[in-house]
file start.pdb (PDB, C-alpha atoms and all ligand atoms)
ATOM      1  CA  MET A  23      27.523  18.519  -4.393
ATOM      2  CA  ILE A  24      25.606  15.609  -2.810
ATOM      3  CA  GLU A  25      25.251  13.934  -6.215
ATOM      4  CA  SER A  26      29.028  14.254  -6.661
ATOM      5  CA  LEU A  27      29.471  12.689  -3.230
ATOM      6  CA  ARG A  28      27.206   9.775  -4.225
ATOM      7  CA  SER A  29      29.100   9.284  -7.482
ATOM      8  CA  PHE A  30      32.397   9.329  -5.607
ATOM      9  CA  LEU A  31      31.141   6.680  -3.148
ATOM     10  CA  ASP A  32      30.022   4.525  -6.098
ATOM     11  CA  ARG A  33      33.462   4.867  -7.673
ATOM     12  CA  VAL A  34      35.183   4.010  -4.377
ATOM     13  CA  ALA A  35      32.960   0.950  -4.017
ATOM     14  CA  GLY A  36      33.830  -0.201  -7.532
ATOM     15  CA  ALA A  37      37.547   0.609  -7.604
ATOM     16  CA  ARG A  38      40.809  -1.001  -6.639
ATOM     17  CA  PRO A  39      43.319   1.852  -6.527
ATOM     18  CA  THR A  40      47.007   1.187  -5.894
ATOM     19  CA  ALA A  41      48.515   1.963  -2.470
ATOM     20  CA  GLU A  42      49.983   5.213  -3.868
ATOM     21  CA  GLU A  43      46.657   6.244  -5.404
ATOM     22  CA  SER A  44      44.863   5.427  -2.136
ATOM     23  CA  ALA A  45      47.285   7.611  -0.172
ATOM     24  CA  GLU A  46      46.844  10.436  -2.690
ATOM     25  CA  LEU A  47      43.041  10.149  -2.499
ATOM     26  CA  ALA A  48      43.145  10.095   1.306
ATOM     27  CA  ALA A  49      45.211  13.308   1.307
ATOM     28  CA  THR A  50      42.740  14.958  -1.098
ATOM     29  CA  LEU A  51      39.792  13.901   1.088
ATOM     30  CA  ASP A  52      41.517  15.187   4.231
ATOM     31  CA  ARG A  53      42.058  18.524   2.468
ATOM     32  CA  LEU A  54      38.359  18.690   1.510
ATOM     33  CA  SER A  55      37.295  17.837   5.095
ATOM     34  CA  ALA A  56      39.557  20.543   6.479
ATOM     35  CA  GLY A  57      37.939  23.030   4.063
ATOM     36  CA  LEU A  58      34.539  22.405   5.706
ATOM     37  CA  ALA A  59      35.786  22.475   9.299
ATOM     38  CA  ASP A  60      34.790  26.109   9.867
ATOM     39  CA  ARG A  61      31.491  25.720   7.955
ATOM     40  CA  GLN A  62      29.827  23.446  10.533
ATOM     41  CA  VAL A  63      26.276  24.632  11.361
ATOM     42  CA  SER A  64      23.188  23.469  13.259
ATOM     43  CA  GLU A  65      21.040  20.643  11.852
ATOM     44  CA  ARG A  66      18.343  23.041  10.598
ATOM     45  CA  GLU A  67      20.820  25.102   8.563
ATOM     46  CA  ARG A  68      22.502  22.196   6.756
ATOM     47  CA  LEU A  69      22.126  21.270   3.080
ATOM     48  CA  PHE A  70      22.469  17.570   3.938
ATOM     49  CA  ALA A  71      19.259  15.560   4.569
ATOM     50  CA  ARG A  72      16.745  18.215   3.550
ATOM     51  CA  LEU A  73      13.246  16.841   3.111
ATOM     52  CA  SER A  74      12.408  19.231   0.268
ATOM     53  CA  VAL A  75      15.045  17.774  -2.068
ATOM     54  CA  GLN A  76      14.538  14.570  -4.132
ATOM     55  CA  GLY A  77      16.485  11.827  -2.406
ATOM     56  CA  ARG A  78      16.567  13.977   0.742
ATOM     57  CA  GLY A  79      19.895  15.552  -0.257
ATOM     58  CA  GLN A  80      21.946  12.982   1.588
ATOM     59  CA  SER A  81      24.053   9.933   0.744
ATOM     60  CA  LEU A  82      22.959   7.608   3.554
ATOM     61  CA  THR A  83      19.796   6.158   2.013
ATOM     62  CA  PRO A  84      19.246   4.854  -1.513
ATOM     63  CA  GLN A  85      17.774   7.724  -3.513
ATOM     64  CA  LEU A  86      13.984   7.348  -3.690
ATOM     65  CA  PHE A  87      12.238   9.244  -6.490
ATOM     66  CA  ILE A  88       8.559   9.849  -5.750
ATOM     67  CA  ASP A  89       6.303   9.322  -8.784
ATOM     68  CA  GLU A  90       2.901   9.731  -7.118
ATOM     69  CA  GLN A  91       1.881  10.593  -3.605
ATOM     70  CA  ASP A  92      -1.291  11.478  -1.760
ATOM     71  CA  ALA A  93      -2.243  11.286   1.911
ATOM     72  CA  GLN A  94      -2.934   7.527   1.713
ATOM     73  CA  SER A  95      -0.314   6.090  -0.632
ATOM     74  CA  VAL A  96       2.979   6.680  -2.371
ATOM     75  CA  THR A  97       4.656   5.184  -5.444
ATOM     76  CA  GLY A  98       8.267   5.756  -6.301
ATOM     77  CA  HIS A  99      11.323   4.190  -7.853
ATOM     78  CA  VAL A 100      14.817   3.506  -6.657
ATOM     79  CA  THR A 101      18.039   2.068  -8.050
ATOM     80  CA  PHE A 102      20.550   0.644  -5.606
ATOM     81  CA  ARG A 103      23.864   2.017  -6.858
ATOM     82  CA  PRO A 104      27.251   0.264  -6.421
ATOM     83  CA  TYR A 105      27.863   1.910  -3.023
ATOM     84  CA  PHE A 106      24.982  -0.149  -1.570
ATOM     85  CA  VAL A 107      26.306  -3.584  -2.563
ATOM     86  CA  GLY A 108      26.272  -6.268   0.120
ATOM     87  CA  GLY A 109      27.670  -9.091  -2.016
ATOM     88  CA  ASN A 110      27.144 -10.995  -5.265
ATOM     89  CA  GLY A 111      25.490  -8.045  -6.980
ATOM     90  CA  ALA A 112      22.786  -7.756  -4.303
ATOM     91  CA  ALA A 113      22.040  -4.714  -2.155
ATOM     92  CA  HIS A 114      23.153  -4.979   1.480
ATOM     93  CA  GLY A 115      20.291  -6.313   3.629
ATOM     94  CA  GLY A 116      20.391  -3.315   5.928
ATOM     95  CA  THR A 117      19.770  -0.865   3.116
ATOM     96  CA  ILE A 118      16.272  -2.224   2.445
ATOM     97  CA  PRO A 119      14.835  -1.459   5.922
ATOM     98  CA  LEU A 120      16.584   1.907   5.579
ATOM     99  CA  LEU A 121      14.664   2.560   2.362
ATOM    100  CA  PHE A 122      11.351   1.390   3.862
ATOM    101  CA  ASP A 123      11.831   3.498   6.988
ATOM    102  CA  GLU A 124      12.337   6.540   4.800
ATOM    103  CA  ALA A 125       9.395   5.836   2.456
ATOM    104  CA  LEU A 126       6.901   4.620   5.063
ATOM    105  CA  GLY A 127       7.987   7.375   7.455
ATOM    106  CA  ARG A 128       7.377  10.035   4.822
ATOM    107  CA  LEU A 129       3.913   8.660   4.141
ATOM    108  CA  ALA A 130       3.115   8.398   7.858
ATOM    109  CA  ASN A 131       3.806  12.130   8.134
ATOM    110  CA  ALA A 132       2.147  13.170   4.838
ATOM    111  CA  GLY A 133      -1.247  14.814   4.346
ATOM    112  CA  GLY A 134      -0.847  17.408   7.082
ATOM    113  CA  ARG A 135      -0.506  14.795   9.845
ATOM    114  CA  ARG A 136       1.552  15.624  12.907
ATOM    115  CA  ALA A 137       5.105  14.225  13.041
ATOM    116  CA  SER A 138       5.474  10.573  14.034
ATOM    117  CA  ARG A 139       8.353   8.180  14.714
ATOM    118  CA  THR A 140       8.941   4.560  13.793
ATOM    119  CA  ALA A 141       8.015   2.278  16.711
ATOM    120  CA  TYR A 142       8.604  -0.943  14.768
ATOM    121  CA  LEU A 143       9.480  -1.891  11.222
ATOM    122  CA  THR A 144       9.146  -5.478  10.009
ATOM    123  CA  VAL A 145      10.771  -6.386   6.703
ATOM    124  CA  ASN A 146      10.482  -9.640   4.755
ATOM    125  CA  PHE A 147      13.244 -10.201   2.215
ATOM    126  CA  ARG A 148      11.649 -12.158  -0.657
ATOM    127  CA  SER A 149      14.389 -12.008  -3.312
ATOM    128  CA  ILE A 150      17.602 -10.068  -3.831
ATOM    129  CA  ALA A 151      17.580  -6.397  -4.788
ATOM    130  CA  ARG A 152      19.935  -6.325  -7.754
ATOM    131  CA  ILE A 153      22.387  -3.454  -7.906
ATOM    132  CA  GLY A 154      21.622  -1.262 -10.939
ATOM    133  CA  ASN A 155      18.025  -2.454 -11.473
ATOM    134  CA  ARG A 156      15.232   0.103 -11.327
ATOM    135  CA  LEU A 157      12.859  -1.061  -8.584
ATOM    136  CA  THR A 158       9.364   0.168  -7.786
ATOM    137  CA  LEU A 159       8.308   1.012  -4.257
ATOM    138  CA  THR A 160       4.695   1.343  -3.179
ATOM    139  CA  ALA A 161       3.388   2.126   0.284
ATOM    140  CA  ARG A 162      -0.064   2.703   1.747
ATOM    141  CA  HIS A 163      -1.799   3.585   4.974
ATOM    142  CA  VAL A 164      -3.312   0.419   6.443
ATOM    143  CA  LYS A 165      -4.976   1.806   9.567
ATOM    144  CA  GLU A 166      -4.895   4.640  12.045
ATOM    145  CA  ASP A 167      -5.795   4.286  15.729
ATOM    146  CA  GLY A 168      -5.305   7.371  17.876
ATOM    147  CA  ARG A 169      -1.606   8.233  17.694
ATOM    148  CA  LYS A 170      -0.764   4.939  15.963
ATOM    149  CA  ARG A 171      -0.418   4.692  12.171
ATOM    150  CA  VAL A 172       0.269   1.387  10.427
ATOM    151  CA  ILE A 173       1.847   1.680   6.984
ATOM    152  CA  SER A 174       2.757  -1.178   4.649
ATOM    153  CA  GLY A 175       5.083  -1.229   1.669
ATOM    154  CA  GLU A 176       6.361  -3.356  -1.190
ATOM    155  CA  LEU A 177       9.492  -3.244  -3.284
ATOM    156  CA  ARG A 178       9.346  -4.899  -6.716
ATOM    157  CA  ASP A 179      11.717  -5.592  -9.578
ATOM    158  CA  GLY A 180       9.215  -5.720 -12.435
ATOM    159  CA  ASP A 181       6.713  -8.335 -11.300
ATOM    160  CA  LEU A 182       9.152  -9.909  -8.840
ATOM    161  CA  LEU A 183       8.517  -9.121  -5.165
ATOM    162  CA  VAL A 184      11.865  -8.117  -3.628
ATOM    163  CA  ALA A 185      10.670  -7.224  -0.121
ATOM    164  CA  ASP A 186       7.609  -6.159   1.818
ATOM    165  CA  ALA A 187       7.347  -4.283   5.068
ATOM    166  CA  GLU A 188       5.017  -3.081   7.766
ATOM    167  CA  GLY A 189       5.741  -0.226  10.116
ATOM    168  CA  LEU A 190       4.058   1.293  13.131
ATOM    169  CA  PHE A 191       4.518   5.041  13.404
ATOM    170  CA  VAL A 192       3.509   6.738  16.638
ATOM    171  CA  GLU A 193       2.540  10.394  16.563
ATOM    172  CA  LEU A 194       4.735  12.476  18.812
ATOM    173  CA  ARG A 195       3.140  14.343  21.677
ATOM    174  CA  PRO A 196       3.781  18.124  21.787
ATOM    175  CA  GLY A 197       7.358  18.686  22.942
ATOM    176  CA  GLN A 198       8.323  15.023  22.557
ATOM    177  CA  PRO A 199      11.862  14.739  21.139
TER     178      PRO A 199
HETATM  179  C1  LIG B 201      10.061  12.925  13.588
HETATM  180  C2  LIG B 201       9.536  13.034  12.272
HETATM  181  C3  LIG B 201       9.980  14.195  11.513
HETATM  182  C4  LIG B 201       9.295  14.376  10.182
HETATM  183  C5  LIG B 201      10.125  13.917   9.028
HETATM  184  C6  LIG B 201       9.312  13.125   8.053
HETATM  185  C7  LIG B 201      10.105  12.445   6.936
HETATM  186  C8  LIG B 201      11.202  11.649   7.433
HETATM  187  C9  LIG B 201      11.318  10.371   6.749
HETATM  188  C10 LIG B 201      12.164   9.470   7.551
HETATM  189  C11 LIG B 201      11.349   8.863   8.683
HETATM  190  C12 LIG B 201      12.223   8.064   9.541
HETATM  191  C13 LIG B 201      11.531   7.843  10.852
HETATM  192  C14 LIG B 201      12.501   7.267  11.818
HETATM  193  O1  LIG B 201      13.364   6.539  11.460
HETATM  194  S1  LIG B 201      12.335   7.735  13.436
HETATM  195  C15 LIG B 201      13.832   7.003  14.141
HETATM  196  C16 LIG B 201      13.631   5.597  14.654
HETATM  197  N1  LIG B 201      12.649   5.564  15.700
HETATM  198  C17 LIG B 201      12.906   6.003  16.924
HETATM  199  O2  LIG B 201      13.961   6.488  17.258
HETATM  200  C18 LIG B 201      11.753   5.879  17.877
HETATM  201  C19 LIG B 201      12.215   5.597  19.297
HETATM  202  N2  LIG B 201      11.046   5.335  20.127
HETATM  203  C20 LIG B 201      10.311   6.332  20.600
HETATM  204  O3  LIG B 201      10.639   7.510  20.465
HETATM  205  C21 LIG B 201       9.054   5.943  21.317
HETATM  206  O4  LIG B 201       9.082   4.605  21.711
HETATM  207  C22 LIG B 201       7.766   6.192  20.457
HETATM  208  C23 LIG B 201       7.648   7.691  20.090
HETATM  209  C24 LIG B 201       7.764   5.358  19.160
HETATM  210  C25 LIG B 201       6.531   5.765  21.253
HETATM  211  O5  LIG B 201       6.651   6.255  22.554
HETATM  212  P1  LIG B 201       5.518   7.121  23.261
HETATM  213  O6  LIG B 201       5.897   7.289  24.667
HETATM  214  O7  LIG B 201       5.236   8.341  22.469
HETATM  215  O8  LIG B 201       4.235   6.224  23.109
HETATM  216  P2  LIG B 201       3.804   4.961  23.997
HETATM  217  O9  LIG B 201       4.953   4.128  24.419
HETATM  218  O10 LIG B 201       2.835   5.448  25.009
HETATM  219  O11 LIG B 201       3.008   4.128  22.877
HETATM  220  C26 LIG B 201       1.886   4.682  22.220
HETATM  221  C27 LIG B 201       1.138   3.519  21.631
HETATM  222  O12 LIG B 201       1.956   2.860  20.655
HETATM  223  C28 LIG B 201       2.180   1.486  21.048
HETATM  224  N3  LIG B 201       3.559   1.104  20.738
HETATM  225  C29 LIG B 201       4.679   1.817  20.935
HETATM  226  N4  LIG B 201       5.757   1.146  20.510
HETATM  227  C30 LIG B 201       5.306  -0.018  20.012
HETATM  228  C31 LIG B 201       5.924  -1.131  19.402
HETATM  229  N5  LIG B 201       7.243  -1.192  19.213
HETATM  230  N6  LIG B 201       5.150  -2.149  19.009
HETATM  231  C32 LIG B 201       3.791  -2.124  19.163
HETATM  232  N7  LIG B 201       3.158  -1.087  19.729
HETATM  233  C33 LIG B 201       3.899  -0.059  20.152
HETATM  234  C34 LIG B 201       1.923   1.439  22.552
HETATM  235  O13 LIG B 201       1.545   0.138  22.966
HETATM  236  C35 LIG B 201       0.785   2.426  22.646
HETATM  237  O14 LIG B 201      -0.393   1.794  22.198
HETATM  238  P3  LIG B 201      -1.756   1.979  23.035
HETATM  239  O15 LIG B 201      -1.510   1.366  24.365
HETATM  240  O16 LIG B 201      -2.011   3.465  23.131
HETATM  241  O17 LIG B 201      -2.802   1.263  22.213
END
call {"tool": "encode", "arguments": {"input": "start.pdb", "output": "structure tokens"}}
result
Amino acid sequence: MIESLRSFLDRVAGARPTAEESAELAATLDRLSAGLADRQVSERERLFARLSVQGRGQSLTPQLFIDEQDAQSVTGHVTFRPYFVGGNGAAHGGTIPLLFDEALGRLANAGGRRASRTAYLTVNFRSIARIGNRLTLTARHVKEDGRKRVISGELRDGDLLVADAEGLFVELRPGQP
């Protein structure tokens, strides 16, 4: 279902329907929304954004496929699909921090560590992330100091550095929201 949603968003991003077709699509979407109105549940019970599913089972972030992961590092790949276009065939600038937050955040919490939250995330944009290209993401633990975990990451298109990032993740205290 989520993959169908992603495909639909890609098609919407790439299409130019007529006014009549747009109205017809809007009516279909409204009908689908109404069908889920009495199926609303708590966050824990939802299918959307489940950690156990590749790509987290949601359509918000670019889908990251993990190739290798241990407690210290992670390697994965990602393809920015048409929905994520910012302009001129490049991914929207905001989608790259989104991807890093997801990847670095996962690593910060991997290896049996207690849950942490992003305190800061610094991203350097080195070259455009081309829509449709398969990019490689790597991330690693840089240092740990008490509750503070520093994680760095890189996104590459072949040998070309697309972006790099550093994040501070602070371990939550018991009961901290
Ligand atoms: C929650 C996770 C669920 C698991 C899912 C996993 C996969 C999910 C994948 C997706 C993942 C997505 C993840 C997301 O997107 S998480 C969503 C985005 N992030 C947030 O919403 C976080 C909002 N902020 C907070 O909740 C608090 O500020 C936190 C918890 C971060 C710290 O507040 P807390 O009251 O707890 O701690 P403290 O203030 O005593 O600070 C402690 C230490 O840290 C240092 N410090 C703090 N901030 C900064 C800073 N900006 N620069 C430099 N240093 C900073 C501070 O100086 C101190 O150092 P020291 O004096 O001790 O040396």
call {"tool": "residues_around", "arguments": {"input": "start.pdb", "residues": "A:Leu126", "least_positions_apart": "5", "cutoff": "10 Å", "atoms": "all atoms listed in the file", "output": "ChimeraX atom specification"}}
result
/A:95-96,121,131-132,140,143,160-163,172-175,187-191
call {"tool": "atom_distance", "arguments": {"input": "start.pdb", "atom1": "atom CA of A:Arg171", "atom2": "atom CA of A:Arg156"}}
result
28.6 Å
call {"tool": "residues_near_ligand", "arguments": {"input": "start.pdb", "ligand": "ligand LIG 201 (chain B)", "cutoff": "7 Å", "atoms": "all atoms listed in the file", "output": "ChimeraX atom specification"}}
result
/A:73,123-125,127-128,131,137-142,169-170,190-195
call {"tool": "residues_around", "arguments": {"input": "start.pdb", "residues": "A:Phe106", "least_positions_apart": "4", "cutoff": "12 Å", "atoms": "only C-alpha atoms", "output": "PyMOL selection string"}}
result
chain A and resi 28-29+31-36+81-85+100-102+110-118+120-121+151-154
call {"tool": "atom_distance", "arguments": {"input": "start.pdb", "atom1": "atom CA of A:Asp89", "atom2": "atom CA of A:Leu27"}}
result
24.1 Å
call {"tool": "closest_residue", "arguments": {"input": "start.pdb", "among": "A:Gln62, A:Ile88, A:Pro199, A:Met23", "to": "A:Ser74", "atoms": "only C-alpha atoms"}}
result
A:Ile88
call {"tool": "closest_residue", "arguments": {"input": "start.pdb", "among": "A:Gln198, A:Asn146, A:Ala37, A:Glu65", "to": "A:Tyr105", "atoms": "only C-alpha atoms"}}
result
A:Ala37
call {"tool": "closest_residue", "arguments": {"input": "start.pdb", "among": "A:Ala185, A:Phe30, A:Val164, A:Glu25", "to": "A:Pro104", "atoms": "all atoms listed in the file"}}
result
A:Phe30
call {"tool": "closest_residue", "arguments": {"input": "start.pdb", "among": "A:Leu159, A:Gln94, A:Phe87, A:Val63", "to": "A:Asp181", "atoms": "all atoms listed in the file"}}
result
A:Leu159
call {"tool": "atom_distance", "arguments": {"input": "start.pdb", "atom1": "atom CA of A:Ala93", "atom2": "atom CA of A:Asp186"}}
result
20.0 Å
call {"tool": "closest_residue", "arguments": {"input": "start.pdb", "among": "A:Arg136, A:Ile150, A:Ala56, A:Leu129", "to": "A:Gly109", "atoms": "only C-alpha atoms"}}
result
A:Ile150
call {"tool": "build_atoms", "arguments": {"input": "start.pdb", "residues": "stretch 175-199 of chain A", "atoms": "N, CA and C atoms", "output": "tab-separated table (two decimals), in the frame of the given file"}}
result
chain	number	residue	atom	x	y	z
A	175	GLY	N	4.37	-1.57	2.90
A	175	GLY	CA	5.08	-1.23	1.67
A	175	GLY	C	5.57	-2.46	0.93
A	176	GLU	N	5.81	-2.28	-0.34
A	176	GLU	CA	6.36	-3.36	-1.19
A	176	GLU	C	7.43	-2.78	-2.10
A	177	LEU	N	8.43	-3.61	-2.35
A	177	LEU	CA	9.49	-3.24	-3.28
A	177	LEU	C	9.51	-4.32	-4.35
A	178	ARG	N	9.41	-3.91	-5.62
A	178	ARG	CA	9.35	-4.90	-6.72
A	178	ARG	C	10.38	-4.60	-7.79
A	179	ASP	N	10.85	-5.69	-8.41
A	179	ASP	CA	11.72	-5.59	-9.58
A	179	ASP	C	10.88	-6.14	-10.73
A	180	GLY	N	10.23	-5.26	-11.48
A	180	GLY	CA	9.22	-5.72	-12.44
A	180	GLY	C	8.10	-6.39	-11.64
A	181	ASP	N	7.78	-7.62	-12.02
A	181	ASP	CA	6.71	-8.34	-11.30
A	181	ASP	C	7.23	-9.05	-10.06
A	182	LEU	N	8.55	-9.13	-9.93
A	182	LEU	CA	9.15	-9.91	-8.84
A	182	LEU	C	9.11	-9.13	-7.53
A	183	LEU	N	8.54	-9.76	-6.48
A	183	LEU	CA	8.52	-9.12	-5.16
A	183	LEU	C	9.90	-9.25	-4.52
A	184	VAL	N	10.53	-8.13	-4.24
A	184	VAL	CA	11.86	-8.12	-3.63
A	184	VAL	C	11.75	-8.12	-2.10
A	185	ALA	N	10.84	-7.30	-1.58
A	185	ALA	CA	10.67	-7.22	-0.12
A	185	ALA	C	9.33	-6.57	0.18
A	186	ASP	N	8.78	-6.90	1.35
A	186	ASP	CA	7.61	-6.16	1.82
A	186	ASP	C	7.83	-5.79	3.27
A	187	ALA	N	7.09	-4.82	3.73
A	187	ALA	CA	7.35	-4.28	5.07
A	187	ALA	C	6.07	-3.76	5.70
A	188	GLU	N	6.09	-3.75	7.03
A	188	GLU	CA	5.02	-3.08	7.77
A	188	GLU	C	5.66	-2.28	8.89
A	189	GLY	N	5.20	-1.07	9.05
A	189	GLY	CA	5.74	-0.23	10.12
A	189	GLY	C	4.64	0.37	10.95
A	190	LEU	N	4.94	0.54	12.24
A	190	LEU	CA	4.06	1.29	13.13
A	190	LEU	C	4.73	2.63	13.40
A	191	PHE	N	4.00	3.69	13.16
A	191	PHE	CA	4.52	5.04	13.40
A	191	PHE	C	3.63	5.69	14.46
A	192	VAL	N	4.26	6.16	15.52
A	192	VAL	CA	3.51	6.74	16.64
A	192	VAL	C	3.67	8.25	16.62
A	193	GLU	N	2.52	8.92	16.59
A	193	GLU	CA	2.54	10.39	16.56
A	193	GLU	C	3.18	10.93	17.83
A	194	LEU	N	4.05	11.90	17.65
A	194	LEU	CA	4.74	12.48	18.81
A	194	LEU	C	3.80	13.43	19.56
A	195	ARG	N	3.90	13.38	20.89
A	195	ARG	CA	3.14	14.34	21.68
A	195	ARG	C	3.85	15.69	21.61
A	196	PRO	N	3.13	16.80	21.84
A	196	PRO	CA	3.78	18.12	21.79
A	196	PRO	C	5.01	18.13	22.70
A	197	GLY	N	6.12	18.58	22.16
A	197	GLY	CA	7.36	18.69	22.94
A	197	GLY	C	8.15	17.40	23.04
A	198	GLN	N	7.60	16.31	22.48
A	198	GLN	CA	8.32	15.02	22.56
A	198	GLN	C	9.50	15.04	21.58
A	199	PRO	N	10.71	14.67	22.04
A	199	PRO	CA	11.86	14.74	21.14
A	199	PRO	C	11.83	13.64	20.07
